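Contents: one structure, followed by commentary.
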Amino acid sequence: FKPIFLGLLPSDNPLNTLKRATNSQKCIRVGGKHNDLQDVGKDAYHHTFFEMLGNWSFGDYSKKTACELAWQLLTDVYQLPKRSLYVTYFGGDAALGLEPDFECYHIWRKIGVPEDHIFPFGVKDNFWEMGNTGPCGPCTEIHFDHLAGQQHVPPAGQRINSGTPSLIELWNLVFIQYNRQADGSLETLQNLHVDTGMGLERLVAVLQGSMSNYDTDLFQPLFQKLHEVSSVRPYQGLVGSSDVDFIDTSYRIISDHARMFTVAISDGVLPDEYDAGNSLRRVIRRALTAAKVRLKAPKGTVAFLAPCVVESLGDIFPELHQNIQMVIETVNEEEDRLLNQIAKAQRLLDRNRLNVKGNILSGEVAWECYFVHGLQQDLIEDLALSRGLQVDWNVFNKKMKEEQNKRTAVDEKPQGHLPAVSLHLVDMLNHRGILPTDDMDKYEYYS
Ligand code: ATP
Ligand code: MG
Ligand code: MG
Ligand code: MG
C-alpha cells in the first residue's frame, strides 16, 4: 500500500479507486527496526511470526471514524468491557518539533473514554514508522487490562507500555500523515491515511480469557504434540525466573518458531548465510537447540510440528498445504547440519579433555565451539554437563568482548554509516545480555 499512501501509482492503476481495505498480514519480526527475536519465549505475547489484522483508509475516513470503528468492534462486536480498555495518543516531541495529537485525545473523550483511561506517550510508542524512510505518523493505541477491577493492582498508568503481561497493547491505529525523507525530515502528505494493526494472537488471548497468547488454541495443540515426544513435563505456563529449568520457555520458543519457519519457508525463504535466509536459519537453530537440550526431544521433533502448524493456519494460508514437504525437508537438513557441528564440537572436547582443570571446561574451548562451530551457548553447556563439566563463562565472555572490540574497530565504516557487526556476534552478545535489543538498530549486520 506504500505507493497508494505516497500517491505514486500511475493514474490508470485500478487501485486508485480503492478507498478502504481490511486484511490479515503475515508478520515476521526477526530483524530490522522491529526485531522481537530476543523477547520471544521469554514473555507471553511477542512472537517471531504473528498475524496482524488491519483496516485501511486511503485518504478516505478520518481519525474520528478510525477510532469509532475500532471502539465499536471491541466493545460492541467482541463485547470487551469498556473499563478494561485504555488508549494512548501521541504526546508530541518538542525536540523534534512534533506537536501533541490533542485532536485524537478529544476524539476518545467524545467516544466516552474517561480521562483516566487516556495516556500520552512519546515517539517510541506513539509515532509509528516502518523503517528509516517512508510513510509514517502519530498513532493511537488500544490496550487491554487483564486485571481491571481487581484489588491491589498497580495503577494502569504504571503498567501501560511497561512490558507487563497484565496490561497488553492490542491495537495500533496509525495516522499516516508524513513521508520520512532520507535526510530525516518529514514531508506532509496530501491526504491523511489510516493503517491499523491488531495482533490476532493477543486478541485471541483476550477473547479466550487468558493472559498469555500461549494458553490459547493457537498454541496448545503444538504443546501437546511436543509433550508427546519430549521426555520432560508438560507445559505449565511459567514465565521468567519462575521457569528455572527453561522448559516452559522452550515450549514457547519451539512452538513459536515452528509457526515462523513453516510460514517463511512456504513463502519461499530458505536457510542461508545472508539476510532473511540467515534470520530463518537462526530461528530454526534456536528451536532445534531448545528441543534437544531442554525438552530432550528426539531427532525430527521440530520438523514434526510443521503439519500441526498447517492444520492451524492452512485454511487461511493455503500455500502452507502445498509446501509442507519442503518445510519438513528443510528443517531436517538444518538439523543434520547442526548435529554435524555438534559432532565436531564433541571431538574438540575429546581432544581437550587432558586440559580440563578440576571439572571446569575452559572458556577458550567453549568459545571455539561457539565461534568456530556455531553452537549456541545452551548447547555448549549441555555438552559440557554431559561430561560432568562446568563451563568457564567468564573467560568466554572476555573473548566475546575482545571480538566485539575487534569487530567494531575493523568494521567501523566511514562517517554516516552504521558500524557493521556479524549476526553471529549479535546473537552472542544478546544471549549474554551485553547488547540489549534496543541497541540493535545502531548496527548494520552481516553474516
Ligand atoms: P509491543 O509494544 O508489544 O512490542 P509494537 O508497538 O511493537 O508492540 P506495533 O508495531 O504497534 O507493535 O504492531 C501492531 C500490533 O501488532 C500490536 O499492537 C500488537 O497487537 C501486534 N504485535 C506487534 N508485535 C508483535 C509480536 N512480536 N508478536 C505478536 N503480536 C505483535
Ligand atoms: Mg514491539
Ligand atoms: Mg508498543
Ligand atoms: Mg505499537
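In the C-alpha cells, the first chain shown is A, the next is B, and so on; residue numbers restart at 1 for each chain, and ligands run from 1 in the order shown.
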Q: Step by step, measure atom-to-atom distances between ligand 2 and each residue using only C-alpha atoms and all ligand atoms, keep those at most 8 Å, then write them as a count of residues only.
A: 4
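Within 9 Å of segment 289-300 of chain A there are A:Leu226, A:His227, A:Val229, A:Ser230, A:Ser231, A:Val232, A:Arg233, A:Asp245, A:Phe246, A:Ile247, A:Thr249, A:Ser250, A:Tyr251, A:Ile253, A:Ile254, A:Ile328, A:Val331, A:Asn332, A:Glu335, A:Leu338, A:Leu375, A:Gln376, A:Asp378, A:Leu379, A:Asp382, counting only C-alpha atoms and ignoring same-chain residues fewer than 6 positions away.
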Please, which residues have at least one atom within 7 Å of an atom of ligand 3, using only C-alpha atoms and all ligand atoms, listed as an mmCIF file with C-alpha atoms, in the first residue's frame?
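Result went into result27.cif, see below:
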data_model
loop_
_atom_site.group_PDB
_atom_site.id
_atom_site.type_symbol
_atom_site.label_atom_id
_atom_site.label_comp_id
_atom_site.auth_asym_id
_atom_site.auth_seq_id
_atom_site.Cartn_x
_atom_site.Cartn_y
_atom_site.Cartn_z
ATOM 1 C CA ASP A 125 5.378 4.150 21.403
ATOM 2 C CA ASN A 161 3.744 0.149 27.833
ATOM 3 C CA GLU A 169 -1.085 -3.477 23.765
#
Q: Would you kindly return, as number ranges by chain, each protein, DNA or RNA residue with an atom no farther than 7 Å from any atom of segment 26-31 of chain A, considering only C-alpha atoms and excluding same-chain residues fewer than 3 positions away?
A: A: 34-37, 48-52, 279
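As for atom CA of Leu207 of chain A and atom CA of Gln79 of chain A, they are spaced 9.3 Å apart.
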Q.
If DSSP is run on the backbone, what residues of segment 7-227 of chain A are alpha helix (DSSP H)? A reply as an MDAnalysis selection string would be ideal.
A. chainID A and resid 63:72 102:111 123:126 156:159 200:207 220:227
Q: Please identify every polymer residue within 10 Å of ligand 1, using only C-alpha atoms and all ligand atoms, and present the set as a ChimeraX atom specification.
A: /A:27-30,33-37,39-40,44-54,124-130,139-143,160-165,168-174,195-203,213,256
Go ahead and write the selection's residues with C-alpha atoms as a PDB file, in the first residue's frame.
ATOM      1  CA  CYS A  27       4.208 -10.530  10.030  1.00  0.00           C
ATOM      2  CA  ILE A  28       7.691 -11.707  10.853  1.00  0.00           C
ATOM      3  CA  ARG A  29       9.747  -9.541  13.196  1.00  0.00           C
ATOM      4  CA  VAL A  30      13.215 -11.034  13.454  1.00  0.00           C
ATOM      5  CA  LYS A  33      13.632  -1.823  13.091  1.00  0.00           C
ATOM      6  CA  HIS A  34      11.078  -4.091  14.775  1.00  0.00           C
ATOM      7  CA  ASN A  35      13.128  -7.059  15.933  1.00  0.00           C
ATOM      8  CA  ASP A  36      11.408  -9.139  18.621  1.00  0.00           C
ATOM      9  CA  LEU A  37      13.514 -12.289  18.358  1.00  0.00           C
ATOM     10  CA  ASP A  39      11.900 -11.491  23.588  1.00  0.00           C
ATOM     11  CA  VAL A  40      10.132 -14.448  22.037  1.00  0.00           C
ATOM     12  CA  ALA A  44       3.788 -14.396  26.699  1.00  0.00           C
ATOM     13  CA  TYR A  45       2.883 -12.021  23.889  1.00  0.00           C
ATOM     14  CA  HIS A  46       5.724 -11.442  21.419  1.00  0.00           C
ATOM     15  CA  HIS A  47       6.067 -13.864  18.526  1.00  0.00           C
ATOM     16  CA  THR A  48       8.515 -14.136  15.661  1.00  0.00           C
ATOM     17  CA  PHE A  49       5.529 -14.735  13.385  1.00  0.00           C
ATOM     18  CA  PHE A  50       2.091 -13.314  14.053  1.00  0.00           C
ATOM     19  CA  GLU A  51      -0.968 -12.282  12.119  1.00  0.00           C
ATOM     20  CA  MET A  52      -1.689  -8.594  12.052  1.00  0.00           C
ATOM     21  CA  LEU A  53      -5.304  -7.717  11.411  1.00  0.00           C
ATOM     22  CA  GLY A  54      -5.690  -4.372   9.744  1.00  0.00           C
ATOM     23  CA  LYS A 124       8.911   5.418  20.828  1.00  0.00           C
ATOM     24  CA  ASP A 125       5.378   4.150  21.403  1.00  0.00           C
ATOM     25  CA  ASN A 126       3.093   6.553  19.583  1.00  0.00           C
ATOM     26  CA  PHE A 127       4.829   7.696  16.444  1.00  0.00           C
ATOM     27  CA  TRP A 128       4.870   4.802  14.017  1.00  0.00           C
ATOM     28  CA  GLU A 129       7.477   4.288  11.316  1.00  0.00           C
ATOM     29  CA  MET A 130       8.016   1.160   9.274  1.00  0.00           C
ATOM     30  CA  CYS A 139      -0.670   6.730  16.321  1.00  0.00           C
ATOM     31  CA  THR A 140      -3.178   5.911  18.986  1.00  0.00           C
ATOM     32  CA  GLU A 141      -3.122   2.521  20.663  1.00  0.00           C
ATOM     33  CA  ILE A 142      -5.712   0.492  22.487  1.00  0.00           C
ATOM     34  CA  HIS A 143      -4.566  -1.597  25.448  1.00  0.00           C
ATOM     35  CA  ILE A 160       0.831   0.530  30.323  1.00  0.00           C
ATOM     36  CA  ASN A 161       3.744   0.149  27.833  1.00  0.00           C
ATOM     37  CA  SER A 162       5.898  -1.201  30.674  1.00  0.00           C
ATOM     38  CA  GLY A 163       6.243  -4.788  29.490  1.00  0.00           C
ATOM     39  CA  THR A 164       3.826  -6.335  31.963  1.00  0.00           C
ATOM     40  CA  PRO A 165       1.576  -9.052  30.529  1.00  0.00           C
ATOM     41  CA  ILE A 168      -1.324  -5.536  26.963  1.00  0.00           C
ATOM     42  CA  GLU A 169      -1.085  -3.477  23.765  1.00  0.00           C
ATOM     43  CA  LEU A 170      -3.753  -4.818  21.468  1.00  0.00           C
ATOM     44  CA  TRP A 171      -4.285  -2.490  18.561  1.00  0.00           C
ATOM     45  CA  ASN A 172      -2.338   0.299  16.921  1.00  0.00           C
ATOM     46  CA  LEU A 173      -4.181   2.879  14.817  1.00  0.00           C
ATOM     47  CA  VAL A 174      -1.650   4.789  12.759  1.00  0.00           C
ATOM     48  CA  ASP A 195      -3.236   1.991   8.748  1.00  0.00           C
ATOM     49  CA  THR A 196      -4.176  -0.100  11.759  1.00  0.00           C
ATOM     50  CA  GLY A 197      -2.708  -3.292  13.155  1.00  0.00           C
ATOM     51  CA  MET A 198      -4.087  -5.624  15.791  1.00  0.00           C
ATOM     52  CA  GLY A 199      -2.231  -8.781  16.798  1.00  0.00           C
ATOM     53  CA  LEU A 200      -4.536 -11.752  16.224  1.00  0.00           C
ATOM     54  CA  GLU A 201      -2.796 -13.885  18.867  1.00  0.00           C
ATOM     55  CA  ARG A 202      -3.241 -11.163  21.524  1.00  0.00           C
ATOM     56  CA  LEU A 203      -6.871 -10.701  20.544  1.00  0.00           C
ATOM     57  CA  ASN A 213      -1.091 -15.955  23.956  1.00  0.00           C
ATOM     58  CA  ASP A 256       6.527 -20.084  18.082  1.00  0.00           C
TER      59      ASP A 256
END
Q: Provide the atom CA of Val239 of chain A to atom CA of Arg281 of chain A distance in Å, to one decimal place.
A: 25.4 Å
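The smallest atom-to-atom distance between ligand 4 and any of A:Leu222, A:Val123, A:Val395, A:Leu354, using only C-alpha atoms and all ligand atoms, is found for A:Val123.
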Q: Pull the strand (DSSP E or B) assignments for segment 55-272 of chain A out of DSSP run on the backbone, and list those residues as a ChimeraX atom specification.
A: /A:55-57,85-90,93,98,118-121,127-129,134-145,167-180,186-199
Only C-alpha atoms, please: the residues just picked out, written as a PDB file, in the first residue's frame.
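Printed below is out30.pdb as written:
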ATOM      1  CA  ASN A  55      -8.106  -1.860   8.406  1.00  0.00           C
ATOM      2  CA  TRP A  56      -7.009   0.798   5.999  1.00  0.00           C
ATOM      3  CA  SER A  57      -8.222   4.108   4.704  1.00  0.00           C
ATOM      4  CA  LEU A  85      -9.664  -0.719  27.777  1.00  0.00           C
ATOM      5  CA  TYR A  86      -7.082   2.065  27.857  1.00  0.00           C
ATOM      6  CA  VAL A  87      -5.981   4.272  24.999  1.00  0.00           C
ATOM      7  CA  THR A  88      -2.814   6.226  24.297  1.00  0.00           C
ATOM      8  CA  TYR A  89      -2.167   9.129  21.955  1.00  0.00           C
ATOM      9  CA  PHE A  90       0.938  10.899  20.673  1.00  0.00           C
ATOM     10  CA  ASP A  93       8.147  15.793  20.907  1.00  0.00           C
ATOM     11  CA  LEU A  98       6.213  17.480  16.681  1.00  0.00           C
ATOM     12  CA  ILE A 118      -6.216   8.010  28.237  1.00  0.00           C
ATOM     13  CA  PHE A 119      -2.437   8.475  28.348  1.00  0.00           C
ATOM     14  CA  PRO A 120       0.012  10.416  26.154  1.00  0.00           C
ATOM     15  CA  PHE A 121       3.221   8.668  25.085  1.00  0.00           C
ATOM     16  CA  PHE A 127       4.829   7.696  16.444  1.00  0.00           C
ATOM     17  CA  TRP A 128       4.870   4.802  14.017  1.00  0.00           C
ATOM     18  CA  GLU A 129       7.477   4.288  11.316  1.00  0.00           C
ATOM     19  CA  GLY A 134       8.660   6.147   4.139  1.00  0.00           C
ATOM     20  CA  PRO A 135       5.081   6.769   5.266  1.00  0.00           C
ATOM     21  CA  CYS A 136       4.680   7.414   8.992  1.00  0.00           C
ATOM     22  CA  GLY A 137       2.732   9.382  11.531  1.00  0.00           C
ATOM     23  CA  PRO A 138       1.334   9.651  15.045  1.00  0.00           C
ATOM     24  CA  CYS A 139      -0.670   6.730  16.321  1.00  0.00           C
ATOM     25  CA  THR A 140      -3.178   5.911  18.986  1.00  0.00           C
ATOM     26  CA  GLU A 141      -3.122   2.521  20.663  1.00  0.00           C
ATOM     27  CA  ILE A 142      -5.712   0.492  22.487  1.00  0.00           C
ATOM     28  CA  HIS A 143      -4.566  -1.597  25.448  1.00  0.00           C
ATOM     29  CA  PHE A 144      -6.395  -4.285  27.389  1.00  0.00           C
ATOM     30  CA  ASP A 145      -6.149  -4.609  31.168  1.00  0.00           C
ATOM     31  CA  LEU A 167      -1.942  -4.707  30.558  1.00  0.00           C
ATOM     32  CA  ILE A 168      -1.324  -5.536  26.963  1.00  0.00           C
ATOM     33  CA  GLU A 169      -1.085  -3.477  23.765  1.00  0.00           C
ATOM     34  CA  LEU A 170      -3.753  -4.818  21.468  1.00  0.00           C
ATOM     35  CA  TRP A 171      -4.285  -2.490  18.561  1.00  0.00           C
ATOM     36  CA  ASN A 172      -2.338   0.299  16.921  1.00  0.00           C
ATOM     37  CA  LEU A 173      -4.181   2.879  14.817  1.00  0.00           C
ATOM     38  CA  VAL A 174      -1.650   4.789  12.759  1.00  0.00           C
ATOM     39  CA  PHE A 175      -2.473   8.081  11.112  1.00  0.00           C
ATOM     40  CA  ILE A 176      -0.260   8.244   8.064  1.00  0.00           C
ATOM     41  CA  GLN A 177       0.345  11.966   7.709  1.00  0.00           C
ATOM     42  CA  TYR A 178       4.015  12.165   6.723  1.00  0.00           C
ATOM     43  CA  ASN A 179       6.660  10.697   4.478  1.00  0.00           C
ATOM     44  CA  ARG A 180      10.048  10.433   6.219  1.00  0.00           C
ATOM     45  CA  LEU A 186       9.155  14.896   7.458  1.00  0.00           C
ATOM     46  CA  GLU A 187       7.189  15.758   4.343  1.00  0.00           C
ATOM     47  CA  THR A 188       3.454  16.236   4.981  1.00  0.00           C
ATOM     48  CA  LEU A 189       1.296  14.050   2.736  1.00  0.00           C
ATOM     49  CA  GLN A 190      -1.570  15.455   0.728  1.00  0.00           C
ATOM     50  CA  ASN A 191      -4.148  13.177   2.358  1.00  0.00           C
ATOM     51  CA  LEU A 192      -4.488  11.550   5.736  1.00  0.00           C
ATOM     52  CA  HIS A 193      -4.450   7.748   5.550  1.00  0.00           C
ATOM     53  CA  VAL A 194      -5.217   5.185   8.232  1.00  0.00           C
ATOM     54  CA  ASP A 195      -3.236   1.991   8.748  1.00  0.00           C
ATOM     55  CA  THR A 196      -4.176  -0.100  11.759  1.00  0.00           C
ATOM     56  CA  GLY A 197      -2.708  -3.292  13.155  1.00  0.00           C
ATOM     57  CA  MET A 198      -4.087  -5.624  15.791  1.00  0.00           C
ATOM     58  CA  GLY A 199      -2.231  -8.781  16.798  1.00  0.00           C
TER      59      GLY A 199
END
Q: Tell me, in Å to one decimal, how far atom CA of Asp76 of chain A is from atom CA of Ile111 of chain A.
A: 13.0 Å
Q | Residue with smallest distance to ligand 4 - pool A:Phe304, A:Arg351, A:Phe396, A:Gly122, counting only C-alpha atoms and all ligand atoms | A | A:Gly122
Q | Contacts of Ser210 of chain A within 9 Å, only C-alpha atoms, excl. fewer than 6 positions in-chain, as a ChimeraX atom specification | A | /A:146,204,216
Saved selection, atoms kept: N, CA and C atoms, as an mmCIF file, in the first residue's frame:
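Okay, this is what ended up in part-v2.cif:
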data_model
loop_
_atom_site.group_PDB
_atom_site.id
_atom_site.type_symbol
_atom_site.label_atom_id
_atom_site.label_comp_id
_atom_site.auth_asym_id
_atom_site.auth_seq_id
_atom_site.Cartn_x
_atom_site.Cartn_y
_atom_site.Cartn_z
ATOM 1 N N HIS A 146 -5.971 -6.947 31.752
ATOM 2 C CA HIS A 146 -6.480 -8.246 32.204
ATOM 3 C C HIS A 146 -6.904 -8.217 33.669
ATOM 4 N N VAL A 204 -6.935 -13.121 20.432
ATOM 5 C CA VAL A 204 -7.440 -14.453 20.785
ATOM 6 C C VAL A 204 -7.271 -14.687 22.292
ATOM 7 N N THR A 216 -3.787 -20.449 24.464
ATOM 8 C CA THR A 216 -4.944 -20.387 23.571
ATOM 9 C C THR A 216 -4.892 -21.562 22.606
#
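Checking A:Asp248, A:Asp275, A:Glu115, A:Asp315 one by one against Gly32 of chain A, counting only C-alpha atoms, you find the shortest gap at A:Asp275.
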Q: List the neighbours of Asn13 of chain A out to 12 Å using only C-alpha atoms; skip same-chain residues closer than 6 positions along the sequence, and give me the result as number ranges by chain.
A: A: 3-4, 7
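Each of A:Glu99, A:Asp350, A:Glu329, A:Asp217 was compared to Val309 of chain A using only C-alpha atoms, and A:Asp217 turns out to be the nearest.
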